[in-house]
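S.K.: Have a peek at input_31.cif (mmCIF, C-alpha atoms).
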```
data_data
#
loop_
_atom_site.label_atom_id
_atom_site.label_comp_id
_atom_site.auth_asym_id
_atom_site.auth_seq_id
_atom_site.Cartn_x
_atom_site.Cartn_y
_atom_site.Cartn_z
CA MET A 1 12.64 3.59 -13.89
CA ALA A 2 16.09 3.62 -12.30
CA PHE A 3 16.31 3.82 -8.52
CA ASP A 4 17.17 7.38 -7.40
CA VAL A 5 19.79 6.86 -4.69
CA GLU A 6 20.06 10.56 -3.80
CA ALA A 7 16.28 10.90 -3.41
CA CYS A 8 16.31 7.90 -1.07
CA ARG A 9 19.08 9.45 1.02
CA ARG A 10 17.29 12.79 1.22
CA GLU A 11 14.12 11.06 2.39
CA PHE A 12 16.04 9.11 5.03
CA TRP A 13 17.41 12.32 6.54
CA ARG A 14 13.98 13.96 6.37
CA LEU A 15 12.61 11.02 8.35
CA ASP A 16 15.42 11.40 10.82
CA ARG A 17 14.71 15.11 11.33
CA SER A 18 10.97 14.53 11.74
CA GLY A 19 11.11 11.42 13.91
CA GLY A 20 9.62 9.31 11.15
CA GLY A 21 6.81 11.69 10.16
CA TRP A 22 4.79 10.55 7.15
CA ARG A 23 4.75 12.93 4.20
CA THR A 24 1.29 13.50 2.73
CA ASP A 25 2.19 15.48 -0.38
CA ARG A 26 2.41 12.43 -2.62
CA ALA A 27 2.03 8.67 -2.78
CA PRO A 28 5.20 7.00 -1.50
CA THR A 29 7.83 6.23 -4.10
CA ARG A 30 10.18 3.23 -4.08
CA GLU A 31 12.85 5.56 -2.73
CA ASP A 32 10.56 6.74 0.09
CA ILE A 33 9.80 3.16 1.12
CA HIS A 34 13.44 2.07 1.12
CA ALA A 35 14.33 5.14 3.19
CA ARG A 36 11.60 4.37 5.75
CA TRP A 37 12.64 0.72 5.97
CA HIS A 38 16.22 1.76 6.74
CA TRP A 39 15.03 4.35 9.26
CA GLN A 40 12.75 1.90 11.09
CA MET A 41 15.10 -1.09 10.95
CA GLU A 42 17.96 1.00 12.33
CA ARG A 43 15.96 1.15 15.57
CA ALA A 44 15.09 -2.54 15.56
CA VAL A 45 18.35 -4.42 14.97
CA PRO A 46 21.18 -4.74 17.55
CA ASP A 47 23.99 -3.67 15.21
CA PRO A 48 22.64 -1.68 12.24
CA GLU A 49 26.06 -0.87 10.82
CA ALA A 50 27.13 -4.52 10.75
CA SER A 51 23.81 -5.33 9.06
CA ASP A 52 24.32 -2.55 6.47
CA ILE A 53 21.18 -0.78 7.70
CA GLY A 54 20.41 2.87 8.44
CA ARG A 55 22.63 5.92 8.39
CA HIS A 56 25.86 3.91 8.28
CA SER A 57 24.71 1.62 5.49
CA SER A 58 26.37 1.77 2.10
CA LEU A 59 23.16 3.23 0.67
CA MET A 60 22.67 6.05 3.18
CA SER A 61 26.27 6.95 4.07
CA CYS A 62 27.35 7.80 0.52
CA LYS A 63 30.11 5.17 0.83
CA GLY A 64 28.63 3.15 -1.95
CA LYS A 65 25.83 3.09 -4.48
CA CYS A 66 24.21 -0.12 -3.25
CA VAL A 67 21.27 0.25 -5.62
CA PRO A 68 18.50 -2.16 -4.53
CA ARG A 69 18.22 -4.99 -6.98
CA GLU A 70 14.98 -5.77 -8.72
CA ASP A 71 13.79 -9.10 -7.40
CA VAL A 72 10.58 -11.09 -7.42
CA ASN A 73 9.46 -9.69 -4.08
CA PRO A 74 10.71 -6.08 -3.88
CA LEU A 75 10.67 -4.09 -0.66
CA GLU A 76 7.86 -1.79 -1.77
CA LYS A 77 5.63 -4.89 -1.85
CA ARG A 78 6.96 -6.57 1.32
CA PHE A 79 6.89 -3.51 3.57
CA ARG A 80 3.65 -2.83 5.45
CA TYR A 81 1.97 0.54 4.86
CA ALA A 82 -1.50 1.88 4.15
CA PRO A 83 -2.61 3.20 0.76
CA MET A 84 -3.33 6.88 0.29
CA PRO A 85 -6.51 8.34 1.84
CA LEU A 86 -9.78 7.54 0.08
CA SER A 87 -10.08 11.04 -1.39
CA TRP A 88 -7.05 10.22 -3.57
CA PHE A 89 -9.19 7.58 -5.32
CA GLU A 90 -12.06 9.93 -6.19
CA ASN A 91 -11.03 10.03 -9.84
CA ASP A 92 -12.43 8.48 -13.02
CA PRO A 93 -9.83 5.68 -13.48
CA ALA A 94 -10.14 4.58 -9.84
CA ARG A 95 -13.94 4.81 -9.88
CA HIS A 96 -14.37 3.01 -13.18
CA VAL A 97 -16.35 -0.26 -13.17
CA PHE A 98 -15.65 -2.50 -16.16
CA ARG A 99 -18.69 -4.80 -16.10
CA LYS A 100 -22.02 -5.62 -14.56
CA PRO A 101 -22.04 -7.66 -11.35
CA ASP A 102 -21.56 -11.39 -11.71
CA PRO A 103 -24.84 -12.78 -10.27
CA ASP A 104 -22.95 -15.71 -8.75
CA HIS A 105 -19.88 -13.68 -7.65
CA ARG A 106 -17.76 -16.64 -8.65
CA LEU A 107 -14.39 -14.97 -8.12
CA LEU A 108 -15.25 -13.79 -4.62
CA SER A 109 -16.78 -17.18 -3.78
CA SER A 110 -13.58 -18.85 -4.95
CA LEU A 111 -11.38 -16.46 -2.95
CA SER A 112 -13.47 -17.03 0.17
CA GLY A 113 -13.20 -20.79 -0.24
CA LYS A 114 -9.46 -20.64 -0.86
CA HIS A 115 -8.31 -18.06 1.69
CA LEU A 116 -10.92 -18.44 4.41
CA ALA A 117 -11.23 -22.23 4.29
CA GLY A 118 -11.57 -23.79 7.70
CA TYR A 119 -13.28 -20.79 9.26
CA THR A 120 -16.75 -21.44 10.63
CA GLY A 121 -19.38 -19.28 8.96
CA ARG A 122 -17.06 -17.88 6.32
CA PRO A 123 -18.76 -15.31 4.05
CA SER A 124 -20.22 -16.13 0.67
CA GLY A 125 -19.20 -14.37 -2.52
CA ALA A 126 -22.39 -12.30 -2.37
CA GLU A 127 -21.61 -11.17 1.18
CA LEU A 128 -18.08 -10.17 0.22
CA PHE A 129 -19.44 -8.22 -2.75
CA ARG A 130 -21.86 -6.34 -0.48
CA TRP A 131 -19.12 -5.49 2.02
CA LEU A 132 -16.83 -4.27 -0.78
CA THR A 133 -19.47 -2.16 -2.53
CA GLU A 134 -21.56 -0.95 0.41
CA GLY A 135 -19.10 -1.05 3.27
CA THR A 136 -19.06 -3.25 6.36
CA ARG A 137 -21.47 -2.79 9.24
CA THR A 138 -19.86 -4.73 12.08
CA ARG A 139 -16.43 -5.44 13.50
CA ASN A 140 -16.85 -9.08 12.54
CA GLU A 141 -17.46 -8.18 8.88
CA ARG A 142 -14.39 -5.94 8.87
CA ASP A 143 -12.31 -8.75 10.37
CA TRP A 144 -13.45 -11.19 7.67
CA LEU A 145 -12.65 -8.68 4.95
CA ALA A 146 -9.26 -7.84 6.47
CA GLU A 147 -8.35 -11.54 6.63
CA LEU A 148 -9.19 -11.95 2.95
CA LEU A 149 -7.39 -8.81 1.77
CA GLN A 150 -4.28 -9.69 3.76
CA ASP A 151 -4.10 -13.11 2.15
CA ILE A 152 -5.14 -12.91 -1.50
CA ARG A 153 -2.42 -13.10 -4.13
CA GLU A 154 -1.16 -10.09 -6.03
CA ASP A 155 -2.34 -11.68 -9.30
CA ASP A 156 -5.91 -11.51 -7.99
CA TYR A 157 -5.98 -7.73 -7.51
CA PRO A 158 -6.75 -6.87 -11.17
CA GLN A 159 -9.21 -9.76 -11.34
CA LEU A 160 -11.39 -8.05 -8.73
CA ARG A 161 -12.06 -5.41 -11.38
CA ARG A 162 -12.26 -7.69 -14.40
CA ARG A 163 -14.52 -10.43 -13.08
CA ASP A 164 -17.00 -8.51 -10.91
CA ALA A 165 -18.41 -4.99 -10.73
CA LEU A 166 -15.72 -3.64 -8.42
CA SER A 167 -13.60 -0.53 -8.82
CA VAL A 168 -10.24 0.42 -7.36
CA TRP A 169 -12.14 2.86 -5.13
CA HIS A 170 -14.18 -0.04 -3.66
CA VAL A 171 -11.01 -1.98 -2.85
CA ALA A 172 -9.24 1.07 -1.43
CA ARG A 173 -12.23 1.88 0.79
CA ALA A 174 -12.27 -1.72 2.08
CA VAL A 175 -8.52 -1.71 2.76
CA LEU A 176 -8.73 1.56 4.69
CA GLU A 177 -11.92 0.57 6.50
CA SER A 178 -10.45 -2.74 7.69
CA ASP A 179 -7.03 -1.20 8.48
CA VAL A 180 -5.11 -3.54 6.17
CA ARG A 181 -1.44 -2.74 5.68
CA ARG A 182 -0.04 -4.93 2.95
CA GLY A 183 2.63 -3.40 0.76
CA ALA A 184 1.79 -5.23 -2.46
CA LEU A 185 -1.86 -4.21 -2.22
CA SER A 186 -1.09 -0.60 -1.26
CA TRP A 187 1.47 -0.36 -4.08
CA TRP A 188 -1.11 -1.60 -6.60
CA LEU A 189 -3.81 0.75 -5.32
CA ASN A 190 -1.52 3.77 -5.24
CA GLN A 191 -0.95 3.44 -8.98
CA PHE A 192 -4.48 4.86 -9.30
CA ALA A 193 -4.11 7.54 -6.61
CA GLN A 194 -4.35 11.16 -7.74
CA LYS A 195 -3.81 14.15 -5.49
CA PRO A 196 -7.22 15.78 -4.85
CA GLU A 197 -7.71 19.36 -5.93
CA GLY A 198 -6.86 21.70 -3.07
CA TRP A 199 -5.05 18.99 -1.11
CA LYS A 200 -2.72 20.49 1.51
CA GLY A 201 0.08 17.96 1.85
CA ARG A 202 2.67 18.10 4.59
CA VAL A 203 6.35 17.11 4.55
CA PRO A 204 7.46 16.98 8.21
CA GLY A 205 11.17 17.69 8.55
CA GLY A 206 11.34 18.88 4.94
CA GLU A 207 12.49 22.40 5.71
CA SER A 208 15.90 21.90 4.13
CA LEU A 209 14.25 20.50 1.00
CA ALA A 210 12.12 23.63 0.71
CA ARG A 211 15.20 25.85 1.10
CA ALA A 212 17.05 23.88 -1.55
CA ALA A 213 14.14 24.30 -3.98
CA ALA A 214 13.82 28.06 -3.31
#
```
Could I get this file's structure written as structure tokens?

M.R.:
Amino acid sequence: MAFDVEACRREFWRLDRSGGGWRTDRAPTREDIHARWHWQMERAVPDPEASDIGRHSSLMSCKGKCVPREDVNPLEKRFRYAPMPLSWFENDPARHVFRKPDPDHRLLSSLSGKHLAGYTGRPSGAELFRWLTEGTRTRNERDWLAELLQDIREDDYPQLRRRDALSVWHVARAVLESDVRRGALSWWLNQFAQKPEGWKGRVPGGESLARAAA
């Protein structure tokens, strides 16, 4: 899908009006993420205009199209943000489990050995499976799980579902529980997010958008 420059600009100005308030009416789009990056980076760099960032950038100032190029590591996967709340994953596709548990939890054992190598007392595949399916019980367990989820490759996300009895809901719960903010993982999870029935989303600073839609 083509990048919607005007939607990105509108979201940037909504962020500016609201002081960066998160909208909760939908999962963030590519345009939302690019707008937030510009809004946050404008406050972080010494000369935003010279760096083509923020309100004076070619993207936000209407002085140019500057459509973000599709690259191997797009911003929506590099930027750090949480997935949608767990209630957004209470749907059949996100809850679906493809297979019975692997008795040896070979994938999780392999991921632990690869990404937690060198740590004393690193968890086994069986322990990781229990934490993912039943939740963690201690701060130490949450830290182990966070370390793993921050580090595993994007190619491994679908494998969690295909090679062990894990659902998207299990992974989303673990990400939220361990406070992991990794764009690639949140972007993958949010593909399965569905707005819960009766959800009351907010769009801080979106008053002008509501007037335009009226």

S.K.: Fewer than 3 positions away in the same chain doesn't count, so skip those; otherwise give me all residues within 12 Å of Arg122 of chain A, counting all atoms listed in the file, as a PyMOL selection string.

M.R.: chain A and resi 108-119+125-128+140-141+143-145+147-148

S.K.: Which of these, A:Pro158, A:Gly54, A:Pro85, A:Gly135, has the shortest distance to Arg26 of chain A once you count only C-alpha atoms?

M.R.: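 Using only C-alpha atoms, Arg26 of chain A sits closest to A:Pro85.
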
S.K.: May I ask which of the residues A:Arg14, A:Arg55, A:Arg163, A:Lys63 is the closest one to Asp104 of chain A, counting all atoms listed in the file?

M.R.: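 Answer, going by the shortest atom-to-atom distance: A:Arg163.
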
S.K.: Atom CA of Asn190 of chain A and atom CA of Ala172 of chain A, how far apart in Å?

M.R.: 9.0 Å

S.K.: Take the PyMOL selection byres ((chain A and resi 204) around 9), run it mentally on this structure, and tell me the resulting residues as a list of chain:residue names.

M.R.: A:Arg14, A:Leu15, A:Arg17, A:Ser18, A:Gly19, A:Gly20, A:Gly21, A:Trp22, A:Arg23, A:Thr24, A:Arg202, A:Val203, A:Gly205, A:Gly206, A:Glu207

S.K.: Please complete segment 41-71 of chain A with N, CA and C atoms and give it back as a JSON list (two decimals), in the frame of the given file.

M.R.:
```json
[["chain", "number", "residue", "atom", "x", "y", "z"],
["A", 41, "MET", "N", 14.29, 0.06, 10.60],
["A", 41, "MET", "CA", 15.10, -1.09, 10.95],
["A", 41, "MET", "C", 16.33, -0.69, 11.77],
["A", 42, "GLU", "N", 16.82, 0.52, 11.55],
["A", 42, "GLU", "CA", 17.96, 1.00, 12.33],
["A", 42, "GLU", "C", 17.66, 0.97, 13.83],
["A", 43, "ARG", "N", 16.38, 1.14, 14.18],
["A", 43, "ARG", "CA", 15.96, 1.15, 15.57],
["A", 43, "ARG", "C", 15.59, -0.24, 16.08],
["A", 44, "ALA", "N", 15.59, -1.22, 15.19],
["A", 44, "ALA", "CA", 15.09, -2.54, 15.56],
["A", 44, "ALA", "C", 16.18, -3.61, 15.65],
["A", 45, "VAL", "N", 17.31, -3.39, 14.98],
["A", 45, "VAL", "CA", 18.35, -4.42, 14.97],
["A", 45, "VAL", "C", 19.46, -4.04, 15.95],
["A", 46, "PRO", "N", 20.15, -5.03, 16.55],
["A", 46, "PRO", "CA", 21.18, -4.74, 17.55],
["A", 46, "PRO", "C", 22.37, -3.98, 17.00],
["A", 47, "ASP", "N", 22.81, -4.30, 15.79],
["A", 47, "ASP", "CA", 23.99, -3.67, 15.21],
["A", 47, "ASP", "C", 23.69, -3.26, 13.77],
["A", 48, "PRO", "N", 23.05, -2.09, 13.59],
["A", 48, "PRO", "CA", 22.64, -1.68, 12.24],
["A", 48, "PRO", "C", 23.81, -1.58, 11.27],
["A", 49, "GLU", "N", 24.93, -1.06, 11.73],
["A", 49, "GLU", "CA", 26.06, -0.87, 10.82],
["A", 49, "GLU", "C", 26.57, -2.21, 10.29],
["A", 50, "ALA", "N", 26.68, -3.19, 11.18],
["A", 50, "ALA", "CA", 27.13, -4.52, 10.75],
["A", 50, "ALA", "C", 26.14, -5.16, 9.79],
["A", 51, "SER", "N", 24.86, -4.78, 9.93],
["A", 51, "SER", "CA", 23.81, -5.33, 9.06],
["A", 51, "SER", "C", 23.60, -4.50, 7.80],
["A", 52, "ASP", "N", 24.43, -3.44, 7.63],
["A", 52, "ASP", "CA", 24.32, -2.55, 6.47],
["A", 52, "ASP", "C", 22.94, -1.91, 6.41],
["A", 53, "ILE", "N", 22.50, -1.38, 7.57],
["A", 53, "ILE", "CA", 21.18, -0.78, 7.70],
["A", 53, "ILE", "C", 21.32, 0.62, 8.30],
["A", 54, "GLY", "N", 20.49, 1.54, 7.83],
["A", 54, "GLY", "CA", 20.41, 2.87, 8.44],
["A", 54, "GLY", "C", 21.47, 3.83, 7.97],
["A", 55, "ARG", "N", 21.77, 4.80, 8.79],
["A", 55, "ARG", "CA", 22.63, 5.92, 8.39],
["A", 55, "ARG", "C", 24.04, 5.49, 8.02],
["A", 56, "HIS", "N", 24.51, 4.38, 8.58],
["A", 56, "HIS", "CA", 25.86, 3.91, 8.28],
["A", 56, "HIS", "C", 25.89, 2.86, 7.18],
["A", 57, "SER", "N", 24.75, 2.60, 6.58],
["A", 57, "SER", "CA", 24.71, 1.62, 5.49],
["A", 57, "SER", "C", 25.38, 2.19, 4.25],
["A", 58, "SER", "N", 25.74, 1.31, 3.34],
["A", 58, "SER", "CA", 26.37, 1.77, 2.10],
["A", 58, "SER", "C", 25.43, 2.66, 1.30],
["A", 59, "LEU", "N", 24.12, 2.42, 1.42],
["A", 59, "LEU", "CA", 23.16, 3.23, 0.67],
["A", 59, "LEU", "C", 23.04, 4.63, 1.25],
["A", 60, "MET", "N", 22.94, 4.75, 2.57],
["A", 60, "MET", "CA", 22.67, 6.05, 3.18],
["A", 60, "MET", "C", 23.92, 6.87, 3.51],
["A", 61, "SER", "N", 25.07, 6.23, 3.63],
["A", 61, "SER", "CA", 26.27, 6.95, 4.07],
["A", 61, "SER", "C", 27.07, 7.54, 2.93],
["A", 62, "CYS", "N", 26.64, 7.32, 1.70],
["A", 62, "CYS", "CA", 27.35, 7.80, 0.52],
["A", 62, "CYS", "C", 28.68, 7.07, 0.31],
["A", 63, "LYS", "N", 28.88, 5.95, 1.00],
["A", 63, "LYS", "CA", 30.11, 5.17, 0.83],
["A", 63, "LYS", "C", 29.99, 4.15, -0.30],
["A", 64, "GLY", "N", 28.83, 4.08, -0.85],
["A", 64, "GLY", "CA", 28.63, 3.15, -1.95],
["A", 64, "GLY", "C", 27.29, 3.38, -2.60],
["A", 65, "LYS", "N", 27.10, 2.91, -3.79],
["A", 65, "LYS", "CA", 25.83, 3.09, -4.48],
["A", 65, "LYS", "C", 24.77, 2.15, -3.93],
["A", 66, "CYS", "N", 25.10, 0.87, -3.85],
["A", 66, "CYS", "CA", 24.21, -0.12, -3.25],
["A", 66, "CYS", "C", 22.77, 0.05, -3.75],
["A", 67, "VAL", "N", 22.60, 0.11, -5.05],
["A", 67, "VAL", "CA", 21.27, 0.25, -5.62],
["A", 67, "VAL", "C", 20.49, -1.03, -5.38],
["A", 68, "PRO", "N", 19.28, -0.94, -4.78],
["A", 68, "PRO", "CA", 18.50, -2.16, -4.53],
["A", 68, "PRO", "C", 18.24, -2.91, -5.82],
["A", 69, "ARG", "N", 18.44, -4.20, -5.77],
["A", 69, "ARG", "CA", 18.22, -4.99, -6.98],
["A", 69, "ARG", "C", 16.74, -5.28, -7.16],
["A", 70, "GLU", "N", 16.35, -5.41, -8.40],
["A", 70, "GLU", "CA", 14.98, -5.77, -8.72],
["A", 70, "GLU", "C", 14.83, -7.27, -8.51],
["A", 71, "ASP", "N", 13.99, -7.68, -7.60],
["A", 71, "ASP", "CA", 13.79, -9.10, -7.40],
["A", 71, "ASP", "C", 12.30, -9.42, -7.47]]
```
